[in-house]
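Written out below as structure tokens is the structure these notes cover.
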Amino acid sequence: MNISRYISDKISEVQAGSFTQSVTKIAIISIAAGIAIMIVSFAILEGFRNEIREKIFSFGAHLQISKYDTNNSYEGAPISRNIGITDSIQGIKKVQAFARKTAIIKTEDEVLGVVMKGVEEEYDMEAMEHNLEAGELISFNDSTSSKEVLLSQKIANKLHLKVGDDAIFYFIQNPPRARKLTVKGIYNTGLEEFDEVFVIGDLQLIRELNNWPDTLVGGVEVVLKDFDQIDRAADQVFEQMNYDLQLEKITDRHAQLFDWLKLLRKNVVIFLVLIIFVATFNMVSTVFIMIIERINMIGVLKAVGATDAQIRKVFYFRGLKLTVKGMLWGNLIGLGFCALQYYFELIPLDPENYYMDRVPISWNLGIILGLNVITLVLTMLAILVPAAMIARIKPVKAIKFD
């Protein structure tokens with residue numbers, strides 16, 4: 001029998017309504033609240049970061065290769081479709097072509113300037129599909145260019161267009177050319193720099209307007225298997241590029257958005273560090289109070305031959321039991337809240353301010369396990385602080401303590 005664990009279980013049976021019971025409840029509640037808040041905070045943070053990144057990726061892959069040009073225009077000189085970058089390179093998931101062309105949309109009452117991004121049937125449109133508010137993705141033809149486009153909700157509202165409506169696109173070139181295109185779908189990302197500018201269309205249509213052969217495109221995008229490996233993959237792709245091409249990472253192209261997401265995560269981490277500090281401090285206070293209340297018992301145990309290590313284990317096991325109980329409740333509350341929000345979307349958001357219409361939740365098992373392990377380890381280390389005072393307790397004085 002483990003005598004330290006046995007004594008710890010016995011002193012756990014505190015009288016209802018006693019001061020010790022109140023203190024232990026506070027310790028459990030602080031641990032549970034800390035775990036629950038951390039789980040919910042990281043689930044929302046990761047969900048928010050993933051949502052924003054997916055919206056950005058719907059308009060551009062991780063890496064973009066185009067003709068080297070000092071001109072900052074949306075349109076650039078064409079490049080060959082085959083630039084030697086294939087998905088056989090380690091870390092690359094897909095290589096896809098695109099082109100952009102400026103245009104003016106004219107309806108009966110309104111006129112608006114936009115940029116059409118032309119894509120092919122093989123283009124990864126999964127992220128854009130999640131942004132659809134109405135309609136469907138554009139369809140492609142084998143023989144001719146598609147006359148269907150995707151508009152943002154903002155553009156559709158300004159031009160009073162809806163799914164199925166036709167609009168005249170005047171493409172800016174010499175001489176100007178006009179095309180009658182049909183609205184196949186309406187998307188909404190909540191990011192103004194995309195929603196106020198871009199229209200999604202067929203790359204073949206832009207080829208026809210520019211008189212390009214099938215071998216030319218406006219640029220090439222590289223989709224990676226792991227976004228976190230973007231720097232390493234960019235170095236590998238750069239080594240295989242021709243000298244007249246330029247490579248741009250999406251983190252550089254939209255630096256403000258990604259810097260904002262990094263800053264947001266730093267703020268949350270600082271906030272959660274303070275929560276862990278409060279939870280561990282409450283546990284230190286709880287164990288300290290339990291030791292003070294058990295001075296007589298400690299004196300008796302020392303008098304009958306118990307070592308300081310054995311007595312420390314008594315309170316260590318007691319603190320461990322309280323911590324585990326608090327963590328169980330914290331996980332139940334935190335994961336329960338996340339599940340309710342994930343499946344039922346109980347808490348809405350204003351898309352104008354938060355770029356999405358509900359609080360997002362991301363399930364990351366590694367982060368959840370990490371939070372639990374960190375809390376358990378730090379709390380157990382914190383318990384060693386008050387437990388160290390046991391060595392200073394003298395049996396003669398402790399037995400007389402009242």
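Here's how to read the names in the structure tokens: chain A, B, ... by the order shown, residue numbers from 1 in each chain, ligand numbers from 1 in the order shown.
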Residue contacts of stretch 356-361 of chain A (6 Å, only C-alpha atoms) excluding same-chain residues fewer than 2 positions away, as a PDB file with N, CA and C atoms, in the first residue's frame:
```pdb
ATOM      1  N   ALA A  43      -9.370  27.442 -30.048  1.00  0.00           N
ATOM      2  CA  ALA A  43     -10.260  26.916 -31.086  1.00  0.00           C
ATOM      3  C   ALA A  43     -10.799  28.053 -31.947  1.00  0.00           C
ATOM      4  N   ILE A  44     -11.176  29.165 -31.308  1.00  0.00           N
ATOM      5  CA  ILE A  44     -11.678  30.316 -32.058  1.00  0.00           C
ATOM      6  C   ILE A  44     -10.554  30.982 -32.838  1.00  0.00           C
ATOM      7  N   GLY A  47      -9.630  28.786 -35.721  1.00  0.00           N
ATOM      8  CA  GLY A  47     -10.730  28.834 -36.672  1.00  0.00           C
ATOM      9  C   GLY A  47     -10.737  30.134 -37.456  1.00  0.00           C
ATOM     10  N   PHE A  48     -10.494  31.230 -36.747  1.00  0.00           N
ATOM     11  CA  PHE A  48     -10.458  32.546 -37.395  1.00  0.00           C
ATOM     12  C   PHE A  48      -9.298  32.625 -38.379  1.00  0.00           C
ATOM     13  N   TYR A 342     -19.754  24.906 -33.131  1.00  0.00           N
ATOM     14  CA  TYR A 342     -19.354  24.312 -34.405  1.00  0.00           C
ATOM     15  C   TYR A 342     -20.560  23.767 -35.168  1.00  0.00           C
ATOM     16  N   ILE A 347     -23.395  31.686 -31.956  1.00  0.00           N
ATOM     17  CA  ILE A 347     -22.915  33.065 -31.819  1.00  0.00           C
ATOM     18  C   ILE A 347     -22.610  33.628 -33.201  1.00  0.00           C
ATOM     19  N   PRO A 348     -23.391  34.610 -33.666  1.00  0.00           N
ATOM     20  CA  PRO A 348     -23.144  35.212 -34.976  1.00  0.00           C
ATOM     21  C   PRO A 348     -22.134  36.351 -34.879  1.00  0.00           C
ATOM     22  N   LEU A 349     -21.630  36.778 -36.027  1.00  0.00           N
ATOM     23  CA  LEU A 349     -20.725  37.913 -36.114  1.00  0.00           C
ATOM     24  C   LEU A 349     -21.192  38.844 -37.232  1.00  0.00           C
ATOM     25  N   ASP A 350     -20.761  40.068 -37.160  1.00  0.00           N
ATOM     26  CA  ASP A 350     -21.044  41.041 -38.212  1.00  0.00           C
ATOM     27  C   ASP A 350     -19.995  40.884 -39.315  1.00  0.00           C
ATOM     28  N   PRO A 351     -20.373  40.412 -40.499  1.00  0.00           N
ATOM     29  CA  PRO A 351     -19.378  40.196 -41.564  1.00  0.00           C
ATOM     30  C   PRO A 351     -18.631  41.461 -41.959  1.00  0.00           C
ATOM     31  N   TYR A 354     -15.873  41.457 -39.062  1.00  0.00           N
ATOM     32  CA  TYR A 354     -15.106  40.255 -38.732  1.00  0.00           C
ATOM     33  C   TYR A 354     -14.852  39.351 -39.935  1.00  0.00           C
TER      34      TYR A 354
END
```
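The shell of residues at most 9 Å from A:Ile28, with only C-alpha atoms counted and near chain neighbours (fewer than 3 positions) removed, consists of Val23, Thr24, Lys25, Ile31, Ala32, Ala33, Met283, Leu322, Thr323, Val324, Lys325, Gly326, Met327 and Trp329 of chain A.
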Residues just named, written with C-alpha atoms as a PDB file, in the first residue's frame:
```
ATOM      1  CA  VAL A  23     -10.775  26.486  -0.864  1.00  0.00           C
ATOM      2  CA  THR A  24     -10.622  23.210  -2.794  1.00  0.00           C
ATOM      3  CA  LYS A  25     -13.709  24.175  -4.783  1.00  0.00           C
ATOM      4  CA  ILE A  31      -8.273  25.103 -13.086  1.00  0.00           C
ATOM      5  CA  ALA A  32     -11.517  24.259 -14.914  1.00  0.00           C
ATOM      6  CA  ALA A  33     -12.076  27.869 -15.979  1.00  0.00           C
ATOM      7  CA  MET A 283      -3.324  25.860  -6.610  1.00  0.00           C
ATOM      8  CA  LEU A 322      -7.723  18.521  -7.533  1.00  0.00           C
ATOM      9  CA  THR A 323      -5.885  19.455 -10.725  1.00  0.00           C
ATOM     10  CA  VAL A 324      -7.100  16.430 -12.676  1.00  0.00           C
ATOM     11  CA  LYS A 325     -10.656  17.025 -11.485  1.00  0.00           C
ATOM     12  CA  GLY A 326     -10.477  20.651 -12.578  1.00  0.00           C
ATOM     13  CA  MET A 327      -8.983  19.672 -15.942  1.00  0.00           C
ATOM     14  CA  TRP A 329     -14.420  19.745 -15.915  1.00  0.00           C
TER      15      TRP A 329
END
```
### Message
Based on the backbone DSSP call, show me all residues of stretch 173-249 of chain A assigned strand (DSSP E), as a ChimeraX atom specification.
### Response
/A:177-187,198-202,216-217,219-224,245-249
Okay, now the selection with C-alpha atoms, as a PDB file, in the first residue's frame?
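The new file part27.pdb reads:
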```pdb
ATOM      1  CA  ARG A 177     -13.532  44.664 -76.903  1.00  0.00           C
ATOM      2  CA  ALA A 178     -16.899  43.893 -75.384  1.00  0.00           C
ATOM      3  CA  ARG A 179     -18.320  40.561 -74.256  1.00  0.00           C
ATOM      4  CA  LYS A 180     -21.744  39.675 -72.921  1.00  0.00           C
ATOM      5  CA  LEU A 181     -21.219  37.422 -69.900  1.00  0.00           C
ATOM      6  CA  THR A 182     -23.636  35.655 -67.567  1.00  0.00           C
ATOM      7  CA  VAL A 183     -23.470  35.714 -63.771  1.00  0.00           C
ATOM      8  CA  LYS A 184     -23.177  32.032 -62.760  1.00  0.00           C
ATOM      9  CA  GLY A 185     -22.474  32.575 -59.064  1.00  0.00           C
ATOM     10  CA  ILE A 186     -22.025  35.191 -56.371  1.00  0.00           C
ATOM     11  CA  TYR A 187     -19.294  34.882 -53.733  1.00  0.00           C
ATOM     12  CA  PHE A 198     -12.123  40.623 -58.652  1.00  0.00           C
ATOM     13  CA  VAL A 199     -14.377  38.732 -61.037  1.00  0.00           C
ATOM     14  CA  ILE A 200     -13.653  35.067 -61.770  1.00  0.00           C
ATOM     15  CA  GLY A 201     -13.885  33.958 -65.403  1.00  0.00           C
ATOM     16  CA  ASP A 202     -12.399  31.617 -67.992  1.00  0.00           C
ATOM     17  CA  LEU A 216       0.795  31.288 -72.996  1.00  0.00           C
ATOM     18  CA  VAL A 217      -0.697  32.281 -69.634  1.00  0.00           C
ATOM     19  CA  GLY A 219       1.184  33.482 -64.619  1.00  0.00           C
ATOM     20  CA  VAL A 220       1.509  30.227 -62.727  1.00  0.00           C
ATOM     21  CA  GLU A 221       0.415  29.500 -59.158  1.00  0.00           C
ATOM     22  CA  VAL A 222       1.964  26.817 -56.971  1.00  0.00           C
ATOM     23  CA  VAL A 223      -0.239  25.145 -54.344  1.00  0.00           C
ATOM     24  CA  LEU A 224       1.714  23.568 -51.484  1.00  0.00           C
ATOM     25  CA  LEU A 245      10.574  35.336 -63.989  1.00  0.00           C
ATOM     26  CA  GLN A 246       9.682  36.577 -60.517  1.00  0.00           C
ATOM     27  CA  LEU A 247       8.415  34.611 -57.541  1.00  0.00           C
ATOM     28  CA  GLU A 248       6.055  36.060 -54.949  1.00  0.00           C
ATOM     29  CA  LYS A 249       4.863  34.408 -51.756  1.00  0.00           C
TER      30      LYS A 249
END
```
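Coordinates place atom CA of A:Ser145 at a distance of 15.1 Å from atom CA of A:Arg100.
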### Task
Mind checking which residues fall within 12 Å of A:Gly336, counting only C-alpha atoms, ignoring those fewer than 3 positions away in the same chain, and posting them as a PyMOL selection string?
chain A and resi 36-37+39-40+43+328-333+339-344+361
Output the selection as an mmCIF file, in the first residue's frame - N, CA and C atoms for each residue.
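Written file, again20.cif:
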```cif
data_model
loop_
_atom_site.group_PDB
_atom_site.id
_atom_site.type_symbol
_atom_site.label_atom_id
_atom_site.label_comp_id
_atom_site.auth_asym_id
_atom_site.auth_seq_id
_atom_site.Cartn_x
_atom_site.Cartn_y
_atom_site.Cartn_z
ATOM 1 N N ALA A 36 -10.900 25.604 -19.797
ATOM 2 C CA ALA A 36 -12.021 25.866 -20.702
ATOM 3 C C ALA A 36 -11.759 27.117 -21.541
ATOM 4 N N ILE A 37 -11.283 28.184 -20.904
ATOM 5 C CA ILE A 37 -11.026 29.431 -21.632
ATOM 6 C C ILE A 37 -9.915 29.240 -22.656
ATOM 7 N N ILE A 39 -8.987 26.405 -24.185
ATOM 8 C CA ILE A 39 -9.457 25.573 -25.290
ATOM 9 C C ILE A 39 -10.337 26.377 -26.234
ATOM 10 N N VAL A 40 -11.283 27.118 -25.666
ATOM 11 C CA VAL A 40 -12.185 27.924 -26.494
ATOM 12 C C VAL A 40 -11.408 29.014 -27.240
ATOM 13 N N ALA A 43 -9.370 27.442 -30.048
ATOM 14 C CA ALA A 43 -10.260 26.916 -31.086
ATOM 15 C C ALA A 43 -10.799 28.053 -31.947
ATOM 16 N N LEU A 328 -10.642 17.891 -15.989
ATOM 17 C CA LEU A 328 -11.746 17.136 -16.584
ATOM 18 C C LEU A 328 -12.967 18.041 -16.803
ATOM 19 N N TRP A 329 -13.295 18.815 -15.788
ATOM 20 C CA TRP A 329 -14.420 19.745 -15.915
ATOM 21 C C TRP A 329 -14.125 20.810 -16.973
ATOM 22 N N GLY A 330 -12.897 21.307 -16.983
ATOM 23 C CA GLY A 330 -12.528 22.326 -17.960
ATOM 24 C C GLY A 330 -12.629 21.825 -19.391
ATOM 25 N N ASN A 331 -12.144 20.594 -19.641
ATOM 26 C CA ASN A 331 -12.248 20.015 -20.979
ATOM 27 C C ASN A 331 -13.696 19.779 -21.374
ATOM 28 N N LEU A 332 -14.496 19.325 -20.419
ATOM 29 C CA LEU A 332 -15.904 19.078 -20.706
ATOM 30 C C LEU A 332 -16.620 20.374 -21.094
ATOM 31 N N ILE A 333 -16.363 21.435 -20.328
ATOM 32 C CA ILE A 333 -17.011 22.721 -20.612
ATOM 33 C C ILE A 333 -16.484 23.329 -21.906
ATOM 34 N N ALA A 339 -18.229 22.463 -29.420
ATOM 35 C CA ALA A 339 -19.098 21.585 -30.208
ATOM 36 C C ALA A 339 -20.430 22.267 -30.514
ATOM 37 N N LEU A 340 -20.997 22.933 -29.515
ATOM 38 C CA LEU A 340 -22.264 23.633 -29.737
ATOM 39 C C LEU A 340 -22.114 24.724 -30.797
ATOM 40 N N GLN A 341 -21.023 25.486 -30.715
ATOM 41 C CA GLN A 341 -20.810 26.563 -31.691
ATOM 42 C C GLN A 341 -20.502 25.998 -33.073
ATOM 43 N N TYR A 342 -19.754 24.906 -33.131
ATOM 44 C CA TYR A 342 -19.354 24.312 -34.405
ATOM 45 C C TYR A 342 -20.560 23.767 -35.168
ATOM 46 N N TYR A 343 -21.455 23.075 -34.458
ATOM 47 C CA TYR A 343 -22.572 22.412 -35.124
ATOM 48 C C TYR A 343 -23.819 23.295 -35.253
ATOM 49 N N PHE A 344 -24.029 24.205 -34.292
ATOM 50 C CA PHE A 344 -25.266 24.978 -34.298
ATOM 51 C C PHE A 344 -25.055 26.469 -34.579
ATOM 52 N N ILE A 361 -14.822 27.777 -35.422
ATOM 53 C CA ILE A 361 -14.189 26.817 -34.513
ATOM 54 C C ILE A 361 -13.302 25.890 -35.327
#
```
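Using only C-alpha atoms, the protein and nucleic acid residues lying no more than 7 Å from A:Ile172, apart from those fewer than 3 places from it along its own chain, are Thr102, Ala103 and Pro176 of chain A.
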Let me see the file: selected residues, N, CA and C atoms, as a PDB file, in the first residue's frame.
```pdb
ATOM      1  N   THR A 102      -8.138  43.719 -66.967  1.00  0.00           N
ATOM      2  CA  THR A 102      -9.030  44.761 -66.463  1.00  0.00           C
ATOM      3  C   THR A 102     -10.224  44.943 -67.402  1.00  0.00           C
ATOM      4  N   ALA A 103     -11.352  45.317 -66.809  1.00  0.00           N
ATOM      5  CA  ALA A 103     -12.576  45.482 -67.593  1.00  0.00           C
ATOM      6  C   ALA A 103     -13.499  46.476 -66.902  1.00  0.00           C
ATOM      7  N   PRO A 176     -10.704  48.478 -77.777  1.00  0.00           N
ATOM      8  CA  PRO A 176     -11.489  47.842 -76.713  1.00  0.00           C
ATOM      9  C   PRO A 176     -12.409  46.760 -77.288  1.00  0.00           C
TER      10      PRO A 176
END
```
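Note that DSSP on the backbone gives helix (DSSP H, G or I) to these residues of stretch 124-214 of chain A: A:Glu126, A:Ala127, A:Met128, A:Glu129, A:His130, A:Gln153, A:Lys154, A:Ile155, A:Ala156, A:Asn157, A:Lys158, A:Leu159, A:Glu192, A:Glu193, A:Phe194, A:Asp195, A:Leu203, A:Gln204, A:Leu205, A:Ile206, A:Arg207, A:Glu208, A:Leu209, A:Asn210.
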### Selection near stretch 287-297 of chain A, 12 Å with only C-alpha atoms, sequence-local residues under 4 positions removed, as an MDAnalysis selection string
chainID A and resid 7:8 10:12 14 18:24 26:27 280:283 301:304 306 311:323 379:380 382:402
### Between atom CA of A:Glu54 and atom CA of A:Leu335 - distance in Å to one decimal
23.8 Å
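Among the candidate residues A:Gln240, A:Gln229, A:Thr251, A:Thr307, the one lying nearest to A:Ile85 is A:Gln240, with distances computed using only C-alpha atoms.
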### Message
Between atom CA of A:Leu150 and atom CA of A:Arg81, what is the distance in Å, rounded to a tenth?
### Response
24.0 Å
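Distance annotation: of A:Ile105, A:Ala134, A:Ala77, A:Ile89, the residue with the minimal separation from A:Ile65 is A:Ala77; atom set is only C-alpha atoms.
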